[in-house]
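**Student:** Input structure: run15.pdb, which contains PDB, C-alpha atoms.
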```pdb
MODEL        1
ATOM      1  CA  MET A1086      51.823  21.779  46.063  1.00  0.00           C
ATOM      2  CA  SER A1087      55.187  23.286  45.108  1.00  0.00           C
ATOM      3  CA  ILE A1088      57.871  23.980  47.673  1.00  0.00           C
ATOM      4  CA  LEU A1089      59.217  27.521  47.682  1.00  0.00           C
ATOM      5  CA  GLU A1090      62.897  27.619  46.750  1.00  0.00           C
ATOM      6  CA  LEU A1091      65.029  28.834  49.631  1.00  0.00           C
ATOM      7  CA  LEU A1092      67.589  30.412  47.298  1.00  0.00           C
ATOM      8  CA  SER A1093      67.469  31.133  43.610  1.00  0.00           C
ATOM      9  CA  ILE A1094      70.872  30.683  41.998  1.00  0.00           C
ATOM     10  CA  GLU A1095      72.173  32.452  38.913  1.00  0.00           C
ATOM     11  CA  PRO A1096      73.705  31.040  36.781  1.00  0.00           C
ATOM     12  CA  LEU A1097      73.165  27.285  37.127  1.00  0.00           C
ATOM     13  CA  GLU A1098      76.257  26.632  34.996  1.00  0.00           C
ATOM     14  CA  LEU A1099      79.671  28.007  35.944  1.00  0.00           C
ATOM     15  CA  LYS A1100      81.278  29.132  32.711  1.00  0.00           C
ATOM     16  CA  PHE A1101      85.030  29.625  32.745  1.00  0.00           C
ATOM     17  CA  PRO A1102      86.761  31.132  29.683  1.00  0.00           C
ATOM     18  CA  PHE A1103      89.534  28.505  29.788  1.00  0.00           C
ATOM     19  CA  GLU A1104      93.119  29.677  29.331  1.00  0.00           C
ATOM     20  CA  LEU A1105      96.226  27.730  30.241  1.00  0.00           C
ATOM     21  CA  LYS A1106      98.305  28.967  33.183  1.00  0.00           C
ATOM     22  CA  LYS A1107      95.661  31.576  34.091  1.00  0.00           C
ATOM     23  CA  GLN A1108      93.540  31.781  37.232  1.00  0.00           C
ATOM     24  CA  ILE A1109      89.927  32.410  36.184  1.00  0.00           C
ATOM     25  CA  SER A1110      86.946  33.499  38.282  1.00  0.00           C
ATOM     26  CA  CYS A1111      83.209  33.560  37.780  1.00  0.00           C
ATOM     27  CA  SER A1112      80.458  34.612  40.125  1.00  0.00           C
ATOM     28  CA  LEU A1113      77.191  33.196  41.389  1.00  0.00           C
ATOM     29  CA  GLN A1114      74.370  35.259  42.765  1.00  0.00           C
ATOM     30  CA  LEU A1115      72.256  33.730  45.505  1.00  0.00           C
ATOM     31  CA  ALA A1116      68.893  35.408  45.997  1.00  0.00           C
ATOM     32  CA  ASN A1117      66.762  34.779  49.067  1.00  0.00           C
ATOM     33  CA  LYS A1118      63.135  35.360  48.093  1.00  0.00           C
ATOM     34  CA  THR A1119      61.777  34.176  51.445  1.00  0.00           C
ATOM     35  CA  GLU A1120      61.175  35.883  54.784  1.00  0.00           C
ATOM     36  CA  SER A1121      63.644  33.487  56.461  1.00  0.00           C
ATOM     37  CA  HIS A1122      67.385  33.674  57.073  1.00  0.00           C
ATOM     38  CA  ILE A1123      69.006  31.080  54.802  1.00  0.00           C
ATOM     39  CA  ALA A1124      72.395  29.467  55.478  1.00  0.00           C
ATOM     40  CA  PHE A1125      74.312  28.074  52.513  1.00  0.00           C
ATOM     41  CA  LYS A1126      77.327  25.883  51.922  1.00  0.00           C
ATOM     42  CA  VAL A1127      79.157  25.258  48.627  1.00  0.00           C
ATOM     43  CA  LYS A1128      80.894  21.920  47.980  1.00  0.00           C
ATOM     44  CA  THR A1129      82.815  20.754  44.913  1.00  0.00           C
ATOM     45  CA  THR A1130      83.977  17.447  43.469  1.00  0.00           C
ATOM     46  CA  ASN A1131      87.458  18.957  42.993  1.00  0.00           C
ATOM     47  CA  PRO A1132      88.367  21.129  46.027  1.00  0.00           C
ATOM     48  CA  LYS A1133      92.071  21.469  45.116  1.00  0.00           C
ATOM     49  CA  LYS A1134      91.208  23.067  41.784  1.00  0.00           C
ATOM     50  CA  TYR A1135      88.731  25.724  42.999  1.00  0.00           C
ATOM     51  CA  CYS A1136      88.528  28.413  45.641  1.00  0.00           C
ATOM     52  CA  VAL A1137      85.017  29.503  46.691  1.00  0.00           C
ATOM     53  CA  ARG A1138      84.534  32.776  48.596  1.00  0.00           C
ATOM     54  CA  PRO A1139      82.502  32.708  50.724  1.00  0.00           C
ATOM     55  CA  ASN A1140      81.945  28.941  50.767  1.00  0.00           C
ATOM     56  CA  THR A1141      79.437  29.289  53.620  1.00  0.00           C
ATOM     57  CA  GLY A1142      77.251  32.183  54.664  1.00  0.00           C
ATOM     58  CA  ILE A1143      73.822  33.499  55.497  1.00  0.00           C
ATOM     59  CA  VAL A1144      71.569  35.292  53.037  1.00  0.00           C
ATOM     60  CA  LEU A1145      69.204  37.644  54.817  1.00  0.00           C
ATOM     61  CA  PRO A1146      65.466  37.735  53.931  1.00  0.00           C
ATOM     62  CA  ARG A1147      64.735  39.336  50.536  1.00  0.00           C
ATOM     63  CA  SER A1148      68.429  39.964  49.826  1.00  0.00           C
ATOM     64  CA  THR A1149      71.244  38.593  47.696  1.00  0.00           C
ATOM     65  CA  CYS A1150      74.781  37.323  48.190  1.00  0.00           C
ATOM     66  CA  ASP A1151      77.541  37.072  45.581  1.00  0.00           C
ATOM     67  CA  VAL A1152      79.828  34.043  45.643  1.00  0.00           C
ATOM     68  CA  ILE A1153      83.081  34.076  43.659  1.00  0.00           C
ATOM     69  CA  VAL A1154      84.384  30.760  42.317  1.00  0.00           C
ATOM     70  CA  THR A1155      88.028  30.856  41.228  1.00  0.00           C
ATOM     71  CA  MET A1156      89.615  28.080  39.198  1.00  0.00           C
ATOM     72  CA  GLN A1157      93.341  27.708  39.820  1.00  0.00           C
ATOM     73  CA  ALA A1158      95.676  28.073  36.831  1.00  0.00           C
ATOM     74  CA  GLN A1159      95.734  24.838  34.810  1.00  0.00           C
ATOM     75  CA  LYS A1160      98.876  23.399  33.204  1.00  0.00           C
ATOM     76  CA  GLU A1161      97.041  21.511  30.472  1.00  0.00           C
ATOM     77  CA  ALA A1162      93.734  21.718  28.664  1.00  0.00           C
ATOM     78  CA  PRO A1163      91.238  18.883  29.212  1.00  0.00           C
ATOM     79  CA  PRO A1164      90.424  16.654  26.226  1.00  0.00           C
ATOM     80  CA  ASP A1165      87.648  18.192  24.096  1.00  0.00           C
ATOM     81  CA  MET A1166      87.458  21.097  26.591  1.00  0.00           C
ATOM     82  CA  GLN A1167      85.049  18.973  28.655  1.00  0.00           C
ATOM     83  CA  CYS A1168      84.926  19.332  32.432  1.00  0.00           C
ATOM     84  CA  LYS A1169      83.394  16.788  34.790  1.00  0.00           C
ATOM     85  CA  ASP A1170      83.739  18.998  37.884  1.00  0.00           C
ATOM     86  CA  LYS A1171      80.520  19.847  39.710  1.00  0.00           C
ATOM     87  CA  PHE A1172      79.435  22.038  42.588  1.00  0.00           C
ATOM     88  CA  LEU A1173      76.716  21.409  45.126  1.00  0.00           C
ATOM     89  CA  LEU A1174      75.052  24.343  46.828  1.00  0.00           C
ATOM     90  CA  GLN A1175      73.167  23.355  49.957  1.00  0.00           C
ATOM     91  CA  SER A1176      70.793  25.718  51.729  1.00  0.00           C
ATOM     92  CA  VAL A1177      68.793  25.506  54.919  1.00  0.00           C
ATOM     93  CA  ALA A1178      66.584  27.914  56.888  1.00  0.00           C
ATOM     94  CA  VAL A1179      68.167  29.158  60.132  1.00  0.00           C
ATOM     95  CA  SER A1180      66.984  31.279  63.059  1.00  0.00           C
ATOM     96  CA  PRO A1181      66.975  35.080  62.545  1.00  0.00           C
ATOM     97  CA  GLY A1182      69.851  35.699  64.978  1.00  0.00           C
ATOM     98  CA  ALA A1183      72.226  33.250  63.264  1.00  0.00           C
ATOM     99  CA  THR A1184      75.595  34.500  62.001  1.00  0.00           C
ATOM    100  CA  PRO A1185      78.070  32.872  59.589  1.00  0.00           C
ATOM    101  CA  LYS A1186      80.060  31.697  62.660  1.00  0.00           C
ATOM    102  CA  ASP A1187      77.026  29.633  63.721  1.00  0.00           C
ATOM    103  CA  ILE A1188      77.062  27.556  60.532  1.00  0.00           C
ATOM    104  CA  THR A1189      78.042  23.933  61.138  1.00  0.00           C
ATOM    105  CA  SER A1190      78.202  20.929  58.834  1.00  0.00           C
ATOM    106  CA  GLU A1191      75.539  19.347  61.088  1.00  0.00           C
ATOM    107  CA  MET A1192      72.995  21.932  59.819  1.00  0.00           C
ATOM    108  CA  PHE A1193      73.246  20.403  56.339  1.00  0.00           C
ATOM    109  CA  ASN A1194      72.796  16.817  57.561  1.00  0.00           C
ATOM    110  CA  LYS A1195      69.538  15.408  56.154  1.00  0.00           C
ATOM    111  CA  GLU A1196      69.716  12.324  58.382  1.00  0.00           C
ATOM    112  CA  ALA A1197      69.440  14.578  61.423  1.00  0.00           C
ATOM    113  CA  GLY A1198      66.013  15.649  60.155  1.00  0.00           C
ATOM    114  CA  HIS A1199      67.052  18.969  58.619  1.00  0.00           C
ATOM    115  CA  VAL A1200      65.275  20.150  55.472  1.00  0.00           C
ATOM    116  CA  VAL A1201      68.204  20.771  53.145  1.00  0.00           C
ATOM    117  CA  GLU A1202      67.704  22.127  49.657  1.00  0.00           C
ATOM    118  CA  GLU A1203      70.398  21.120  47.175  1.00  0.00           C
ATOM    119  CA  CYS A1204      71.285  22.495  43.778  1.00  0.00           C
ATOM    120  CA  LYS A1205      73.899  20.947  41.491  1.00  0.00           C
ATOM    121  CA  LEU A1206      75.930  23.287  39.304  1.00  0.00           C
ATOM    122  CA  LYS A1207      77.866  22.166  36.238  1.00  0.00           C
ATOM    123  CA  VAL A1208      81.220  23.568  35.167  1.00  0.00           C
ATOM    124  CA  ILE A1209      81.588  24.506  31.500  1.00  0.00           C
ATOM    125  CA  TYR A1210      84.786  25.600  29.823  1.00  0.00           C
ATOM    126  CA  VAL A1211      84.339  28.249  27.174  1.00  0.00           C
ATOM    127  CA  SER A1212      87.067  28.589  24.566  1.00  0.00           C
ATOM    128  CA  PRO A1213      88.685  32.019  24.801  1.00  0.00           C
ATOM    129  CA  PRO A1214      88.185  34.308  21.791  1.00  0.00           C
ATOM    130  CA  GLN A1215      90.595  33.366  19.021  1.00  0.00           C
ATOM    131  CA  PRO A1216      93.159  35.948  17.893  1.00  0.00           C
ATOM    132  CA  PRO A1217      92.604  37.326  14.408  1.00  0.00           C
ATOM    133  CA  SER A1218      94.051  35.389  11.484  1.00  0.00           C
ATOM    134  CA  PRO A1219      97.746  36.089  10.783  1.00  0.00           C
ATOM    135  CA  VAL A1220      96.884  36.817   7.123  1.00  0.00           C
ATOM    136  CA  ALA A1221      96.976  40.528   6.317  1.00  0.00           C
ATOM    137  CA  GLU A1222      93.550  41.865   5.343  1.00  0.00           C
ATOM    138  CA  GLY A1223      94.852  43.491   2.184  1.00  0.00           C
ATOM    139  CA  SER A1224      96.454  40.285   0.902  1.00  0.00           C
ATOM    140  CA  GLU A1225      96.252  39.593  -2.825  1.00  0.00           C
ATOM    141  CA  GLU A1226      93.283  37.583  -3.992  1.00  0.00           C
ATOM    142  CA  GLY A1227      94.116  33.993  -4.817  1.00  0.00           C
ATOM    143  CA  SER A1228      97.097  33.795  -2.463  1.00  0.00           C
ATOM    144  CA  SER A1229      97.000  30.960   0.035  1.00  0.00           C
ATOM    145  CA  PRO A1230      96.715  31.813   3.739  1.00  0.00           C
ATOM    146  CA  LYS A1231      99.274  29.035   4.333  1.00  0.00           C
ATOM    147  CA  ALA A1232     101.901  31.151   2.591  1.00  0.00           C
ATOM    148  CA  SER A1233     102.411  33.087   5.800  1.00  0.00           C
ATOM    149  CA  MET A1234     103.402  29.850   7.537  1.00  0.00           C
ATOM    150  CA  LEU A1235     106.171  29.017   5.124  1.00  0.00           C
ATOM    151  CA  ASP A1236     109.646  29.038   6.638  1.00  0.00           C
ATOM    152  CA  ASN A1237     112.269  29.759   3.956  1.00  0.00           C
ATOM    153  CA  GLY A1238     109.971  28.181   1.399  1.00  0.00           C
ATOM    154  CA  ASN A1239     109.464  25.007   3.462  1.00  0.00           C
ATOM    155  CA  LEU A1240     106.199  24.377   5.255  1.00  0.00           C
ATOM    156  CA  ASN A1241     106.907  23.875   8.942  1.00  0.00           C
ATOM    157  CA  THR A1242     104.343  21.234   9.965  1.00  0.00           C
ATOM    158  CA  SER A1243     104.751  21.796  13.700  1.00  0.00           C
ATOM    159  CA  GLU A1244     103.570  25.402  13.242  1.00  0.00           C
ATOM    160  CA  VAL A1245     100.607  24.362  11.104  1.00  0.00           C
ATOM    161  CA  ALA A1246      99.350  22.011  13.834  1.00  0.00           C
ATOM    162  CA  SER A1247      99.139  24.850  16.355  1.00  0.00           C
ATOM    163  CA  PHE A1248      96.968  27.074  14.191  1.00  0.00           C
ATOM    164  CA  SER A1249      93.202  26.725  14.028  1.00  0.00           C
ATOM    165  CA  PHE A1250      91.662  27.157  10.603  1.00  0.00           C
TER     166      PHE A1250
ENDMDL
END
```
As structure tokens, how would this structure be written, given the file I've shared?
**Tutor:**
Amino acid sequence: MSILELLSIEPLELKFPFELKKQISCSLQLANKTESHIAFKVKTTNPKKYCVRPNTGIVLPRSTCDVIVTMQAQKEAPPDMQCKDKFLLQSVAVSPGATPKDITSEMFNKEAGHVVEECKLKVIYVSPPQPPSPVAEGSEEGSSPKASMLDNGNLNTSEVASFSF
């Protein structure tokens, strides 16, 4: 027998178009497909890096709630654009009169006998769209695109390293 999901979560991967020194947000939609009031709580492995609004709340029966996850501006790019950060969304059924002020960490304690549903969300960095090539479209056939990187006839190797071919 399958257990009915308390909340369906879209998307299951948080995709951030990574840019240095820029704060970036993405949103999650929590959908309550049950007839119960569902409390939720969002946790992360890296709380200093992310802001989650709201990080706790109640999704009413047959309704949805949007959660915005904001990544603080980063000073350096991670190696290979890989991110090990994760989020955990916990959800639990609560009584119909419950309000967000009634949510306590105790509600999400499995040892206390509460039925807590958990969903792990991965963080994925997406490379931002690359700017168009510096080579003019009407350039003569046969000319090298590297010609535009020549500095007084000398190839400046530090500039070449920063371009992506």
**Student:** Can you list, as a list in words, every protein, DNA or RNA residue that comes within 7 Å of segment 1173-1177 of chain A when you count all atoms listed in the file, leaving out same-chain residues fewer than 3 positions away?
**Tutor:**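 So the residues in contact are Leu1091, Ile1123, Ala1124, Phe1125, Lys1126, Val1127, Lys1128, Thr1129, Phe1193, Val1200, Val1201, Glu1202, Glu1203, Cys1204, Lys1205 and Leu1206 of chain A.
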**Student:** I'd like to see the residues matched by the PyMOL selection byres ((chain A and resi 1109) around 6) on this file, and ideally I'd get them as a list in words.
**Tutor:**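 Selected by the PyMOL selection byres ((chain A and resi 1109) around 6) here: Gln1108, Ser1110, Thr1155 and Met1156 of chain A.
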**Student:** Residue by residue, what does the PyMOL selection byres ((chain A and resi 1163) around 12) grab here? Present the result as an mmCIF file with C-alpha atoms, in the frame of the given file.
**Tutor:**
```cif
data_model
loop_
_atom_site.group_PDB
_atom_site.id
_atom_site.type_symbol
_atom_site.label_atom_id
_atom_site.label_comp_id
_atom_site.auth_asym_id
_atom_site.auth_seq_id
_atom_site.Cartn_x
_atom_site.Cartn_y
_atom_site.Cartn_z
ATOM 1 C CA PHE A 1103 89.534 28.505 29.788
ATOM 2 C CA GLU A 1104 93.119 29.677 29.331
ATOM 3 C CA LEU A 1105 96.226 27.730 30.241
ATOM 4 C CA GLN A 1159 95.734 24.838 34.810
ATOM 5 C CA LYS A 1160 98.876 23.399 33.204
ATOM 6 C CA GLU A 1161 97.041 21.511 30.472
ATOM 7 C CA ALA A 1162 93.734 21.718 28.664
ATOM 8 C CA PRO A 1164 90.424 16.654 26.226
ATOM 9 C CA ASP A 1165 87.648 18.192 24.096
ATOM 10 C CA MET A 1166 87.458 21.097 26.591
ATOM 11 C CA GLN A 1167 85.049 18.973 28.655
ATOM 12 C CA CYS A 1168 84.926 19.332 32.432
ATOM 13 C CA LYS A 1169 83.394 16.788 34.790
ATOM 14 C CA ASP A 1170 83.739 18.998 37.884
ATOM 15 C CA ILE A 1209 81.588 24.506 31.500
ATOM 16 C CA TYR A 1210 84.786 25.600 29.823
ATOM 17 C CA VAL A 1211 84.339 28.249 27.174
ATOM 18 C CA SER A 1212 87.067 28.589 24.566
#
```
**Student:** Atom CA of Ser1112 of chain A to atom CA of Pro1213 of chain A: how many Å, to one decimal?
**Tutor:**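 Computed distance, atom CA of Ser1112 of chain A to atom CA of Pro1213 of chain A, equals 17.6 Å.
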**Student:** Suppose you want the space between atom CA of Met1192 of chain A and atom CA of Asn1117 of chain A; what is it in Å?
**Tutor:**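 Distance reported for this atom pair: 17.9 Å.
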**Student:** Rounded to one decimal in Å, what is the spacing between atom CA of His1122 of chain A and atom CA of Val1208 of chain A?
**Tutor:**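 Taking atom CA of His1122 of chain A and atom CA of Val1208 of chain A, their separation equals 27.8 Å.
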**Student:** With distances taken over only C-alpha atoms, which residue among A:His1199, A:Lys1207, A:Lys1186, A:Lys1171 lies nearest Lys1134 of chain A?
**Tutor:** A:Lys1171
**Student:** Please give the centre and size of the box around segment 1120-1126 of chain A (axis-aligned, containing every atom listed in the file, 4 Å added per side), with values in Å to one decimal and written as AutoDock Vina command-line options.
**Tutor:**
```
--center_x 69.3 --center_y 30.9 --center_z 54.5 --size_x 24.2 --size_y 18.0 --size_z 13.2
```
**Student:** Residue by residue, what does the PyMOL selection byres ((chain A and resi 1147) around 7) grab here? Present the result as a PyMOL selection string.
**Tutor:** chain A and resi 1117-1120+1145-1146+1148
**Student:** I'd like to know which of A:Ile1094, A:Ile1153, A:Val1137, A:Glu1196 is closest to Cys1111 of chain A, using only C-alpha atoms.
**Tutor:**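 Residue with the minimum atom-to-atom distance to Cys1111 of chain A: A:Ile1153.
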**Student:** Return the single residue from A:Asn1131, A:Ser1093, A:Ser1121, A:Thr1141 that is closest to Ser1190 of chain A, with distances computed using all atoms listed in the file.
**Tutor:**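 For Ser1190 of chain A, the nearest of the candidates is A:Thr1141.
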**Student:** With only C-alpha atoms as the atoms that count, which of A:Leu1092, A:Cys1150, A:Ala1158, A:Leu1115 lies nearest to Cys1136 of chain A?
**Tutor:** A:Ala1158
